[in-house]
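Data first, discussion second: the structure below is written as structure tokens.
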Amino acid sequence: MRERFVELIQKKNLSSNVLSALGHSPDEPVAALLTEGRNSVWKLVGVKVGNISGLKHSDGSK
């Protein structure tokens with residue numbers, strides 16, 4: 001599950017700030033999520049994507 005989560009972060013090219021939300025330094029490589037035990041990855045079951053809200057970084061280009 002952790003590997004899939006890291007792949008998702010990389011595939012979506014998410015900001016390194018996602019690491020901060022998971023208790024890591026944004027300076028750490030995303031792969032730290034695979035080896036460090038200070039994070040939890042949850043699988044949401046039965047949740048409609050449209051019901052999930054969050055923040056997304058924008059670089060200002062359109």
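Order determines the names: the first chain of the structure tokens is A, the second B, and so forth; residues in each chain are numbered 1 upward, and ligands are numbered 1 upward as they are shown.
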
List as a PyMOL selection string the protein and nucleic acid residues near Ser16 of chain A, meaning an atom at most 10 Å away when only C-alpha atoms are counted, but skip any in the same chain fewer than 6 places from it.
chain A and resi 9-10+24-30

Keeping all heavy atoms for every residue in the selection just given, could you write it to a file as a short mmCIF file (atom, residue, chain, number, x, y, z; two decimals), in the first residue's frame?
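Written out: out-v6.cif:
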```cif
data_model
loop_
_atom_site.label_atom_id
_atom_site.label_comp_id
_atom_site.auth_asym_id
_atom_site.auth_seq_id
_atom_site.Cartn_x
_atom_site.Cartn_y
_atom_site.Cartn_z
N ILE A 9 1.87 9.82 -5.47
CA ILE A 9 2.47 11.13 -5.23
C ILE A 9 3.38 11.52 -6.40
O ILE A 9 3.33 12.65 -6.88
CB ILE A 9 3.26 11.13 -3.90
CG1 ILE A 9 2.29 11.01 -2.72
CG2 ILE A 9 4.12 12.39 -3.77
CD1 ILE A 9 2.97 10.77 -1.39
N GLN A 10 4.17 10.57 -6.86
CA GLN A 10 5.08 10.84 -7.97
C GLN A 10 4.33 11.04 -9.28
O GLN A 10 4.62 11.95 -10.05
CB GLN A 10 6.11 9.72 -8.09
CG GLN A 10 7.05 9.67 -6.91
CD GLN A 10 7.91 8.43 -6.89
OE1 GLN A 10 7.54 7.37 -7.39
NE2 GLN A 10 9.08 8.55 -6.27
N HIS A 24 6.86 14.40 7.79
CA HIS A 24 8.22 14.36 7.28
C HIS A 24 8.66 15.77 6.88
O HIS A 24 7.84 16.66 6.70
CB HIS A 24 8.32 13.45 6.05
CG HIS A 24 8.10 12.02 6.37
ND1 HIS A 24 9.14 11.15 6.60
CD2 HIS A 24 6.97 11.29 6.48
CE1 HIS A 24 8.66 9.95 6.85
NE2 HIS A 24 7.34 10.01 6.78
N SER A 25 9.95 15.93 6.67
CA SER A 25 10.47 17.19 6.15
C SER A 25 10.24 17.21 4.64
O SER A 25 10.45 16.20 3.98
CB SER A 25 11.97 17.29 6.45
OG SER A 25 12.55 18.32 5.69
N PRO A 26 9.85 18.35 4.08
CA PRO A 26 9.70 18.44 2.63
C PRO A 26 11.02 18.24 1.89
O PRO A 26 11.02 18.00 0.69
CB PRO A 26 9.17 19.85 2.38
CG PRO A 26 8.97 20.49 3.68
CD PRO A 26 9.47 19.58 4.75
N ASP A 27 12.13 18.30 2.62
CA ASP A 27 13.45 18.08 2.00
C ASP A 27 13.78 16.60 1.83
O ASP A 27 14.73 16.26 1.14
CB ASP A 27 14.54 18.75 2.83
CG ASP A 27 14.37 20.26 2.90
OD1 ASP A 27 13.87 20.85 1.91
OD2 ASP A 27 14.70 20.85 3.94
N GLU A 28 13.01 15.74 2.49
CA GLU A 28 13.26 14.29 2.39
C GLU A 28 12.75 13.78 1.04
O GLU A 28 11.81 14.33 0.48
CB GLU A 28 12.52 13.54 3.49
CG GLU A 28 13.06 13.77 4.88
CD GLU A 28 12.30 12.96 5.90
OE1 GLU A 28 12.49 11.73 5.93
OE2 GLU A 28 11.51 13.55 6.65
N PRO A 29 13.34 12.72 0.54
CA PRO A 29 12.82 12.12 -0.69
C PRO A 29 11.48 11.42 -0.39
O PRO A 29 11.25 10.96 0.72
CB PRO A 29 13.89 11.10 -1.08
CG PRO A 29 14.60 10.79 0.19
CD PRO A 29 14.53 12.03 1.04
N VAL A 30 10.62 11.37 -1.39
CA VAL A 30 9.31 10.73 -1.22
C VAL A 30 9.48 9.27 -0.79
O VAL A 30 8.68 8.73 -0.04
CB VAL A 30 8.49 10.84 -2.52
CG1 VAL A 30 7.17 10.11 -2.40
CG2 VAL A 30 8.23 12.30 -2.87
#
```

Just how far from atom CA of Ser15 of chain A is atom CA of Lys48 of chain A, in Å to one decimal?
23.6 Å

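A straight line drawn from atom CA of Asn17 of chain A to atom CA of Val45 of chain A is 25.1 Å long.
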
Would you pick out the contacts of Ala31 of chain A at 10 Å or less, using only C-alpha atoms, so that residues sharing its chain but fewer than 4 positions from it are not included, and give the list as a list in words?
Arg2, Glu3, Val6, Glu7, Gln10, Thr35 and Glu36 of chain A
